[in-house]
Amino acid sequence: MNRTLLLKKNSQRAKRKARVRGKIFGTAEKPRITIFRSNKHVYAQAIDDVAGVTVAAADGRVMGLKANKEAAVKVAEGLASAMKAKGLDKAVFDRNGYIYHGVVAAFADALRENGIQV
């Protein structure tokens, strides 16, 4: 990929990320769920922004999954079970600058199906 095109793509995602992050905030009762999607894997974590700590996390690389919709569903199931073990069932969703479709949308839908109110 052309270097200037890649820089433009990354800067556009950074702008979207800052715009989204300025509007949402996680608490201990309702943490912020953020997703990171690389070319190979999907990662997710629930964050308490007041204390600045990660409450729960799920790692697609450790689970041996790739970066596709099926893997996103399994990562969401893992994160939902970790959150339920901590007694959490509500959260706010941070799409982390990604467009809400494909892997990101499948992840959010799977969270809802597993009992996390997003």
# chains A, B, ... in the order shown; residues from 1 in each chain; ligands from 1
>>> select_by_dssp(residues="chain A", states="strand (DSSP E)", output="ChimeraX atom specification")
/A:32-37,42-48,53-59,92-94
>>> write_last_selection(atoms="C-alpha atoms", output="mmCIF file, in the first residue's frame")
data_model
loop_
_atom_site.group_PDB
_atom_site.id
_atom_site.type_symbol
_atom_site.label_atom_id
_atom_site.label_comp_id
_atom_site.auth_asym_id
_atom_site.auth_seq_id
_atom_site.Cartn_x
_atom_site.Cartn_y
_atom_site.Cartn_z
ATOM 1 C CA ARG A 32 -16.184 1.005 28.642
ATOM 2 C CA ILE A 33 -15.708 -1.970 26.323
ATOM 3 C CA THR A 34 -13.087 -1.313 23.680
ATOM 4 C CA ILE A 35 -12.105 -3.521 20.775
ATOM 5 C CA PHE A 36 -8.802 -3.632 18.921
ATOM 6 C CA ARG A 37 -8.735 -5.295 15.540
ATOM 7 C CA VAL A 42 -9.060 -9.381 17.769
ATOM 8 C CA TYR A 43 -8.630 -8.118 21.336
ATOM 9 C CA ALA A 44 -11.160 -6.607 23.738
ATOM 10 C CA GLN A 45 -11.202 -5.198 27.244
ATOM 11 C CA ALA A 46 -13.588 -3.605 29.705
ATOM 12 C CA ILE A 47 -12.123 -0.481 31.287
ATOM 13 C CA ASP A 48 -13.059 1.522 34.389
ATOM 14 C CA VAL A 53 -7.944 -0.033 35.407
ATOM 15 C CA THR A 54 -8.913 -2.889 33.114
ATOM 16 C CA VAL A 55 -11.785 -4.815 34.678
ATOM 17 C CA ALA A 56 -11.877 -7.741 32.225
ATOM 18 C CA ALA A 57 -10.144 -8.685 28.996
ATOM 19 C CA ALA A 58 -10.287 -11.244 26.190
ATOM 20 C CA ASP A 59 -7.440 -11.985 23.800
ATOM 21 C CA VAL A 92 -20.734 1.336 27.032
ATOM 22 C CA PHE A 93 -19.220 0.316 23.700
ATOM 23 C CA ASP A 94 -16.123 2.045 22.316
#
>>> residues_around(residues="Tyr100 (chain A)", least_positions_apart="5", cutoff="12 Å", atoms="only C-alpha atoms", output="PDB file with N, CA and C atoms, in the first residue's frame")
ATOM      1  N   ARG A  16     -11.402   9.692  14.170  1.00  0.00           N
ATOM      2  CA  ARG A  16     -12.650   9.033  14.583  1.00  0.00           C
ATOM      3  C   ARG A  16     -12.551   8.561  16.023  1.00  0.00           C
ATOM      4  N   VAL A  20     -14.990   9.729  19.131  1.00  0.00           N
ATOM      5  CA  VAL A  20     -15.800   8.768  19.886  1.00  0.00           C
ATOM      6  C   VAL A  20     -15.413   8.788  21.363  1.00  0.00           C
ATOM      7  N   ILE A  35     -12.553  -2.422  21.619  1.00  0.00           N
ATOM      8  CA  ILE A  35     -12.105  -3.521  20.775  1.00  0.00           C
ATOM      9  C   ILE A  35     -10.902  -3.041  19.972  1.00  0.00           C
ATOM     10  N   PHE A  93     -20.056   0.906  24.741  1.00  0.00           N
ATOM     11  CA  PHE A  93     -19.220   0.316  23.700  1.00  0.00           C
ATOM     12  C   PHE A  93     -18.382   1.384  23.019  1.00  0.00           C
ATOM     13  N   ASP A  94     -17.077   1.166  22.993  1.00  0.00           N
ATOM     14  CA  ASP A  94     -16.123   2.045  22.316  1.00  0.00           C
ATOM     15  C   ASP A  94     -15.631   1.309  21.078  1.00  0.00           C
ATOM     16  N   ARG A  95     -16.026   1.773  19.910  1.00  0.00           N
ATOM     17  CA  ARG A  95     -15.637   1.087  18.680  1.00  0.00           C
ATOM     18  C   ARG A  95     -14.208   1.404  18.282  1.00  0.00           C
ATOM     19  N   ALA A 105     -19.156  -4.973  14.419  1.00  0.00           N
ATOM     20  CA  ALA A 105     -20.589  -5.162  14.619  1.00  0.00           C
ATOM     21  C   ALA A 105     -20.891  -6.571  15.124  1.00  0.00           C
ATOM     22  N   ALA A 106     -20.201  -7.569  14.614  1.00  0.00           N
ATOM     23  CA  ALA A 106     -20.404  -8.942  15.077  1.00  0.00           C
ATOM     24  C   ALA A 106     -20.015  -9.073  16.546  1.00  0.00           C
ATOM     25  N   PHE A 107     -18.948  -8.394  16.938  1.00  0.00           N
ATOM     26  CA  PHE A 107     -18.516  -8.409  18.342  1.00  0.00           C
ATOM     27  C   PHE A 107     -19.584  -7.793  19.241  1.00  0.00           C
ATOM     28  N   ALA A 108     -20.095  -6.616  18.872  1.00  0.00           N
ATOM     29  CA  ALA A 108     -21.104  -5.939  19.688  1.00  0.00           C
ATOM     30  C   ALA A 108     -22.395  -6.759  19.775  1.00  0.00           C
ATOM     31  N   ASP A 109     -22.821  -7.344  18.664  1.00  0.00           N
ATOM     32  CA  ASP A 109     -24.029  -8.172  18.667  1.00  0.00           C
ATOM     33  C   ASP A 109     -23.855  -9.401  19.555  1.00  0.00           C
TER      34      ASP A 109
END
>>> select_by_dssp(residues="chain A", states="alpha helix (DSSP H)", output="MDAnalysis selection string")
chainID A and resid 3:21 60:63 69:85 103:113
>>> write_last_selection(atoms="N, CA and C atoms", output="short mmCIF file (atom, residue, chain, number, x, y, z; two decimals), in the first residue's frame")
data_model
loop_
_atom_site.label_atom_id
_atom_site.label_comp_id
_atom_site.auth_asym_id
_atom_site.auth_seq_id
_atom_site.Cartn_x
_atom_site.Cartn_y
_atom_site.Cartn_z
N ARG A 3 2.54 4.62 0.93
CA ARG A 3 2.83 5.17 2.26
C ARG A 3 1.90 6.33 2.62
N THR A 4 1.67 7.26 1.68
CA THR A 4 0.81 8.39 1.98
C THR A 4 -0.63 7.95 2.21
N LEU A 5 -1.07 6.95 1.48
CA LEU A 5 -2.42 6.42 1.68
C LEU A 5 -2.56 5.78 3.06
N LEU A 6 -1.53 5.05 3.47
CA LEU A 6 -1.55 4.42 4.78
C LEU A 6 -1.55 5.45 5.91
N LEU A 7 -0.75 6.51 5.76
CA LEU A 7 -0.73 7.57 6.76
C LEU A 7 -2.08 8.27 6.85
N LYS A 8 -2.72 8.50 5.70
CA LYS A 8 -4.03 9.14 5.68
C LYS A 8 -5.08 8.25 6.37
N LYS A 9 -5.01 6.95 6.07
CA LYS A 9 -5.95 6.00 6.67
C LYS A 9 -5.80 5.97 8.20
N ASN A 10 -4.56 5.95 8.68
CA ASN A 10 -4.31 5.93 10.12
C ASN A 10 -4.73 7.24 10.78
N SER A 11 -4.51 8.36 10.12
CA SER A 11 -4.90 9.64 10.72
C SER A 11 -6.41 9.78 10.77
N GLN A 12 -7.12 9.26 9.76
CA GLN A 12 -8.58 9.30 9.77
C GLN A 12 -9.13 8.46 10.92
N ARG A 13 -8.53 7.28 11.16
CA ARG A 13 -8.97 6.45 12.28
C ARG A 13 -8.68 7.15 13.60
N ALA A 14 -7.54 7.82 13.72
CA ALA A 14 -7.21 8.54 14.95
C ALA A 14 -8.21 9.66 15.22
N LYS A 15 -8.66 10.35 14.18
CA LYS A 15 -9.67 11.39 14.34
C LYS A 15 -10.99 10.80 14.81
N ARG A 16 -11.40 9.69 14.17
CA ARG A 16 -12.65 9.03 14.58
C ARG A 16 -12.55 8.56 16.02
N LYS A 17 -11.39 8.01 16.39
CA LYS A 17 -11.18 7.50 17.74
C LYS A 17 -11.30 8.62 18.76
N ALA A 18 -10.68 9.76 18.50
CA ALA A 18 -10.74 10.89 19.43
C ALA A 18 -12.17 11.42 19.54
N ARG A 19 -12.89 11.45 18.44
CA ARG A 19 -14.27 11.94 18.44
C ARG A 19 -15.17 11.03 19.28
N VAL A 20 -14.99 9.73 19.13
CA VAL A 20 -15.80 8.77 19.89
C VAL A 20 -15.41 8.79 21.36
N ARG A 21 -14.10 8.81 21.65
CA ARG A 21 -13.61 8.75 23.03
C ARG A 21 -13.99 9.98 23.83
N GLY A 60 -7.91 -12.70 21.52
CA GLY A 60 -8.10 -13.67 20.45
C GLY A 60 -6.83 -14.42 20.10
N ARG A 61 -5.68 -13.80 20.33
CA ARG A 61 -4.40 -14.45 20.02
C ARG A 61 -4.17 -15.61 20.98
N VAL A 62 -4.45 -15.40 22.26
CA VAL A 62 -4.29 -16.47 23.26
C VAL A 62 -5.28 -17.60 23.00
N MET A 63 -6.48 -17.23 22.53
CA MET A 63 -7.50 -18.23 22.23
C MET A 63 -7.21 -18.98 20.94
N LYS A 69 -15.23 -12.59 11.73
CA LYS A 69 -16.46 -12.44 12.50
C LYS A 69 -16.65 -13.56 13.51
N GLU A 70 -16.34 -14.79 13.11
CA GLU A 70 -16.50 -15.92 14.03
C GLU A 70 -15.59 -15.77 15.24
N ALA A 71 -14.39 -15.31 15.01
CA ALA A 71 -13.45 -15.09 16.11
C ALA A 71 -13.93 -13.96 17.01
N ALA A 72 -14.49 -12.92 16.42
CA ALA A 72 -15.01 -11.80 17.20
C ALA A 72 -16.14 -12.25 18.13
N VAL A 73 -16.97 -13.17 17.64
CA VAL A 73 -18.06 -13.70 18.45
C VAL A 73 -17.50 -14.47 19.65
N LYS A 74 -16.46 -15.27 19.43
CA LYS A 74 -15.87 -16.05 20.52
C LYS A 74 -15.14 -15.16 21.53
N VAL A 75 -14.50 -14.10 21.04
CA VAL A 75 -13.85 -13.15 21.95
C VAL A 75 -14.91 -12.43 22.79
N ALA A 76 -16.03 -12.09 22.17
CA ALA A 76 -17.13 -11.44 22.90
C ALA A 76 -17.70 -12.38 23.96
N GLU A 77 -17.82 -13.66 23.65
CA GLU A 77 -18.30 -14.63 24.64
C GLU A 77 -17.34 -14.71 25.81
N GLY A 78 -16.04 -14.72 25.53
CA GLY A 78 -15.04 -14.75 26.60
C GLY A 78 -15.07 -13.52 27.47
N LEU A 79 -15.22 -12.35 26.84
CA LEU A 79 -15.29 -11.10 27.60
C LEU A 79 -16.57 -11.04 28.42
N ALA A 80 -17.68 -11.49 27.85
CA ALA A 80 -18.96 -11.48 28.57
C ALA A 80 -18.90 -12.38 29.79
N SER A 81 -18.29 -13.55 29.66
CA SER A 81 -18.19 -14.45 30.82
C SER A 81 -17.27 -13.86 31.89
N ALA A 82 -16.20 -13.20 31.48
CA ALA A 82 -15.31 -12.57 32.46
C ALA A 82 -16.00 -11.42 33.18
N MET A 83 -16.83 -10.67 32.44
CA MET A 83 -17.55 -9.56 33.07
C MET A 83 -18.63 -10.07 34.02
N LYS A 84 -19.33 -11.13 33.62
CA LYS A 84 -20.37 -11.69 34.48
C LYS A 84 -19.76 -12.26 35.76
N ALA A 85 -18.54 -12.79 35.67
CA ALA A 85 -17.87 -13.30 36.87
C ALA A 85 -17.57 -12.18 37.85
N VAL A 103 -16.47 -7.14 11.60
CA VAL A 103 -15.97 -7.72 12.85
C VAL A 103 -16.45 -6.94 14.06
N VAL A 104 -16.44 -5.62 13.99
CA VAL A 104 -16.83 -4.78 15.12
C VAL A 104 -18.32 -4.96 15.43
N ALA A 105 -19.16 -4.97 14.42
CA ALA A 105 -20.59 -5.16 14.62
C ALA A 105 -20.89 -6.57 15.12
N ALA A 106 -20.20 -7.57 14.61
CA ALA A 106 -20.40 -8.94 15.08
C ALA A 106 -20.01 -9.07 16.55
N PHE A 107 -18.95 -8.39 16.94
CA PHE A 107 -18.52 -8.41 18.34
C PHE A 107 -19.58 -7.79 19.24
N ALA A 108 -20.10 -6.62 18.87
CA ALA A 108 -21.10 -5.94 19.69
C ALA A 108 -22.40 -6.76 19.77
N ASP A 109 -22.82 -7.34 18.66
CA ASP A 109 -24.03 -8.17 18.67
C ASP A 109 -23.85 -9.40 19.56
N ALA A 110 -22.66 -10.00 19.52
CA ALA A 110 -22.40 -11.18 20.35
C ALA A 110 -22.38 -10.81 21.83
N LEU A 111 -21.91 -9.62 22.15
CA LEU A 111 -21.97 -9.17 23.55
C LEU A 111 -23.41 -9.09 24.02
N ARG A 112 -24.26 -8.51 23.18
CA ARG A 112 -25.68 -8.38 23.54
C ARG A 112 -26.33 -9.76 23.69
N GLU A 113 -25.98 -10.70 22.80
CA GLU A 113 -26.54 -12.04 22.88
C GLU A 113 -26.10 -12.78 24.13
#
>>> atom_distance(atom1="CA of Val118 (chain A)", atom2="CA of Gly97 (chain A)")
17.0 Å
>>> atom_distance(atom1="CA of Lys66 (chain A)", atom2="CA of His41 (chain A)")
4.9 Å
>>> closest_residue(among="A:Ala51, A:Asn39, A:Asn2, A:Asn96", to="Lys23 (chain A)", atoms="only C-alpha atoms")
A:Asn96
>>> atom_distance(atom1="CA of Thr27 (chain A)", atom2="CA of Gly87 (chain A)")
13.6 Å
>>> residues_around(residues="Lys90 (chain A)", least_positions_apart="5", cutoff="8 Å", atoms="only C-alpha atoms", output="PyMOL selection string")
chain A and resi 29-31+116-118
>>> write_last_selection(atoms="all heavy atoms", output="PDB file, in the first residue's frame")
ATOM      1  N   GLU A  29     -19.411   0.546  37.613  1.00  0.00           N
ATOM      2  CA  GLU A  29     -20.666  -0.175  37.410  1.00  0.00           C
ATOM      3  C   GLU A  29     -20.956  -0.403  35.928  1.00  0.00           C
ATOM      4  O   GLU A  29     -21.636  -1.354  35.566  1.00  0.00           O
ATOM      5  CB  GLU A  29     -21.845   0.590  38.027  1.00  0.00           C
ATOM      6  CG  GLU A  29     -21.765   0.767  39.520  1.00  0.00           C
ATOM      7  CD  GLU A  29     -20.863   1.939  39.904  1.00  0.00           C
ATOM      8  OE1 GLU A  29     -20.731   2.895  39.119  1.00  0.00           O
ATOM      9  OE2 GLU A  29     -20.265   1.879  40.990  1.00  0.00           O
ATOM     10  N   LYS A  30     -20.486   0.509  35.076  1.00  0.00           N
ATOM     11  CA  LYS A  30     -20.753   0.449  33.641  1.00  0.00           C
ATOM     12  C   LYS A  30     -19.450   0.750  32.891  1.00  0.00           C
ATOM     13  O   LYS A  30     -19.212   1.867  32.457  1.00  0.00           O
ATOM     14  CB  LYS A  30     -21.846   1.465  33.285  1.00  0.00           C
ATOM     15  CG  LYS A  30     -22.487   1.261  31.955  1.00  0.00           C
ATOM     16  CD  LYS A  30     -23.686   2.195  31.808  1.00  0.00           C
ATOM     17  CE  LYS A  30     -24.358   1.954  30.487  1.00  0.00           C
ATOM     18  NZ  LYS A  30     -25.501   2.830  30.309  1.00  0.00           N
ATOM     19  N   PRO A  31     -18.579  -0.268  32.744  1.00  0.00           N
ATOM     20  CA  PRO A  31     -17.269  -0.025  32.124  1.00  0.00           C
ATOM     21  C   PRO A  31     -17.368   0.216  30.618  1.00  0.00           C
ATOM     22  O   PRO A  31     -18.370  -0.098  29.983  1.00  0.00           O
ATOM     23  CB  PRO A  31     -16.497  -1.309  32.412  1.00  0.00           C
ATOM     24  CG  PRO A  31     -17.542  -2.342  32.570  1.00  0.00           C
ATOM     25  CD  PRO A  31     -18.732  -1.659  33.168  1.00  0.00           C
ATOM     26  N   ILE A 116     -24.772  -8.942  27.965  1.00  0.00           N
ATOM     27  CA  ILE A 116     -24.173  -7.660  28.333  1.00  0.00           C
ATOM     28  C   ILE A 116     -24.974  -6.565  27.637  1.00  0.00           C
ATOM     29  O   ILE A 116     -25.096  -6.557  26.418  1.00  0.00           O
ATOM     30  CB  ILE A 116     -22.686  -7.578  27.920  1.00  0.00           C
ATOM     31  CG1 ILE A 116     -21.891  -8.717  28.540  1.00  0.00           C
ATOM     32  CG2 ILE A 116     -22.101  -6.222  28.302  1.00  0.00           C
ATOM     33  CD1 ILE A 116     -21.821  -8.708  30.046  1.00  0.00           C
ATOM     34  N   GLN A 117     -25.519  -5.648  28.418  1.00  0.00           N
ATOM     35  CA  GLN A 117     -26.343  -4.587  27.871  1.00  0.00           C
ATOM     36  C   GLN A 117     -25.434  -3.464  27.378  1.00  0.00           C
ATOM     37  O   GLN A 117     -24.812  -2.765  28.166  1.00  0.00           O
ATOM     38  CB  GLN A 117     -27.295  -4.079  28.947  1.00  0.00           C
ATOM     39  CG  GLN A 117     -28.438  -3.287  28.446  1.00  0.00           C
ATOM     40  CD  GLN A 117     -29.399  -2.945  29.564  1.00  0.00           C
ATOM     41  OE1 GLN A 117     -29.023  -2.919  30.726  1.00  0.00           O
ATOM     42  NE2 GLN A 117     -30.633  -2.685  29.204  1.00  0.00           N
ATOM     43  N   VAL A 118     -25.341  -3.333  26.059  1.00  0.00           N
ATOM     44  CA  VAL A 118     -24.456  -2.333  25.438  1.00  0.00           C
ATOM     45  C   VAL A 118     -25.291  -1.256  24.806  1.00  0.00           C
ATOM     46  O   VAL A 118     -26.233  -1.502  24.131  1.00  0.00           O
ATOM     47  CB  VAL A 118     -23.541  -2.979  24.372  1.00  0.00           C
ATOM     48  CG1 VAL A 118     -22.649  -1.933  23.744  1.00  0.00           C
ATOM     49  CG2 VAL A 118     -22.729  -4.070  24.980  1.00  0.00           C
TER      50      VAL A 118
END
>>> decode(residues="chain A", atoms="C-alpha atoms", output="tab-separated table (two decimals), in the first residue's frame")
chain	number	residue	atom	x	y	z
A	1	MET	CA	0.00	0.00	0.00
A	2	ASN	CA	1.21	3.49	-0.77
A	3	ARG	CA	2.83	5.17	2.26
A	4	THR	CA	0.81	8.39	1.98
A	5	LEU	CA	-2.42	6.42	1.68
A	6	LEU	CA	-1.55	4.42	4.78
A	7	LEU	CA	-0.73	7.57	6.76
A	8	LYS	CA	-4.03	9.14	5.68
A	9	LYS	CA	-5.95	6.00	6.67
A	10	ASN	CA	-4.31	5.93	10.12
A	11	SER	CA	-4.90	9.64	10.72
A	12	GLN	CA	-8.58	9.30	9.77
A	13	ARG	CA	-8.97	6.45	12.28
A	14	ALA	CA	-7.21	8.54	14.95
A	15	LYS	CA	-9.67	11.39	14.34
A	16	ARG	CA	-12.65	9.03	14.58
A	17	LYS	CA	-11.18	7.50	17.74
A	18	ALA	CA	-10.74	10.89	19.43
A	19	ARG	CA	-14.27	11.94	18.44
A	20	VAL	CA	-15.80	8.77	19.89
A	21	ARG	CA	-13.61	8.75	23.03
A	22	GLY	CA	-14.59	12.33	23.86
A	23	LYS	CA	-18.21	11.31	24.26
A	24	ILE	CA	-18.08	8.08	26.27
A	25	PHE	CA	-16.70	7.26	29.70
A	26	GLY	CA	-16.59	4.01	31.67
A	27	THR	CA	-17.31	3.63	35.39
A	28	ALA	CA	-16.97	0.73	37.82
A	29	GLU	CA	-20.67	-0.17	37.41
A	30	LYS	CA	-20.75	0.45	33.64
A	31	PRO	CA	-17.27	-0.02	32.12
A	32	ARG	CA	-16.18	1.00	28.64
A	33	ILE	CA	-15.71	-1.97	26.32
A	34	THR	CA	-13.09	-1.31	23.68
A	35	ILE	CA	-12.10	-3.52	20.78
A	36	PHE	CA	-8.80	-3.63	18.92
A	37	ARG	CA	-8.74	-5.29	15.54
A	38	SER	CA	-5.41	-6.00	13.91
A	39	ASN	CA	-4.90	-7.81	10.63
A	40	LYS	CA	-4.34	-11.10	12.46
A	41	HIS	CA	-6.24	-10.99	15.77
A	42	VAL	CA	-9.06	-9.38	17.77
A	43	TYR	CA	-8.63	-8.12	21.34
A	44	ALA	CA	-11.16	-6.61	23.74
A	45	GLN	CA	-11.20	-5.20	27.24
A	46	ALA	CA	-13.59	-3.61	29.70
A	47	ILE	CA	-12.12	-0.48	31.29
A	48	ASP	CA	-13.06	1.52	34.39
A	49	ASP	CA	-11.97	5.05	33.38
A	50	VAL	CA	-12.53	6.48	36.88
A	51	ALA	CA	-9.92	4.21	38.47
A	52	GLY	CA	-7.96	3.76	35.24
A	53	VAL	CA	-7.94	-0.03	35.41
A	54	THR	CA	-8.91	-2.89	33.11
A	55	VAL	CA	-11.78	-4.81	34.68
A	56	ALA	CA	-11.88	-7.74	32.22
A	57	ALA	CA	-10.14	-8.69	29.00
A	58	ALA	CA	-10.29	-11.24	26.19
A	59	ASP	CA	-7.44	-11.99	23.80
A	60	GLY	CA	-8.10	-13.67	20.45
A	61	ARG	CA	-4.40	-14.45	20.02
A	62	VAL	CA	-4.29	-16.47	23.26
A	63	MET	CA	-7.50	-18.23	22.23
A	64	GLY	CA	-5.89	-19.17	18.91
A	65	LEU	CA	-8.36	-17.21	16.79
A	66	LYS	CA	-7.94	-15.11	13.66
A	67	ALA	CA	-9.44	-11.69	12.87
A	68	ASN	CA	-12.82	-12.63	11.43
A	69	LYS	CA	-16.46	-12.44	12.50
A	70	GLU	CA	-16.50	-15.92	14.03
A	71	ALA	CA	-13.45	-15.09	16.11
A	72	ALA	CA	-15.01	-11.80	17.20
A	73	VAL	CA	-18.06	-13.70	18.45
A	74	LYS	CA	-15.87	-16.05	20.52
A	75	VAL	CA	-13.85	-13.15	21.95
A	76	ALA	CA	-17.13	-11.44	22.90
A	77	GLU	CA	-18.30	-14.63	24.64
A	78	GLY	CA	-15.04	-14.75	26.60
A	79	LEU	CA	-15.29	-11.10	27.60
A	80	ALA	CA	-18.96	-11.48	28.57
A	81	SER	CA	-18.19	-14.45	30.82
A	82	ALA	CA	-15.31	-12.57	32.46
A	83	MET	CA	-17.55	-9.56	33.07
A	84	LYS	CA	-20.37	-11.69	34.48
A	85	ALA	CA	-17.87	-13.30	36.87
A	86	LYS	CA	-17.17	-9.78	38.20
A	87	GLY	CA	-20.91	-9.07	38.49
A	88	LEU	CA	-21.15	-6.67	35.54
A	89	ASP	CA	-23.96	-6.78	32.99
A	90	LYS	CA	-24.01	-3.21	31.59
A	91	ALA	CA	-21.36	-1.41	29.57
A	92	VAL	CA	-20.73	1.34	27.03
A	93	PHE	CA	-19.22	0.32	23.70
A	94	ASP	CA	-16.12	2.05	22.32
A	95	ARG	CA	-15.64	1.09	18.68
A	96	ASN	CA	-12.11	2.54	18.91
A	97	GLY	CA	-12.33	4.50	15.66
A	98	TYR	CA	-13.37	1.52	13.55
A	99	ILE	CA	-16.43	1.72	11.32
A	100	TYR	CA	-19.34	-0.17	12.86
A	101	HIS	CA	-19.62	-3.11	10.47
A	102	GLY	CA	-18.12	-6.54	9.95
A	103	VAL	CA	-15.97	-7.72	12.85
A	104	VAL	CA	-16.83	-4.78	15.12
A	105	ALA	CA	-20.59	-5.16	14.62
A	106	ALA	CA	-20.40	-8.94	15.08
A	107	PHE	CA	-18.52	-8.41	18.34
A	108	ALA	CA	-21.10	-5.94	19.69
A	109	ASP	CA	-24.03	-8.17	18.67
A	110	ALA	CA	-22.40	-11.18	20.35
A	111	LEU	CA	-21.97	-9.17	23.55
A	112	ARG	CA	-25.68	-8.38	23.54
A	113	GLU	CA	-26.54	-12.04	22.88
A	114	ASN	CA	-24.41	-13.06	25.87
A	115	GLY	CA	-26.30	-10.81	28.29
A	116	ILE	CA	-24.17	-7.66	28.33
A	117	GLN	CA	-26.34	-4.59	27.87
A	118	VAL	CA	-24.46	-2.33	25.44
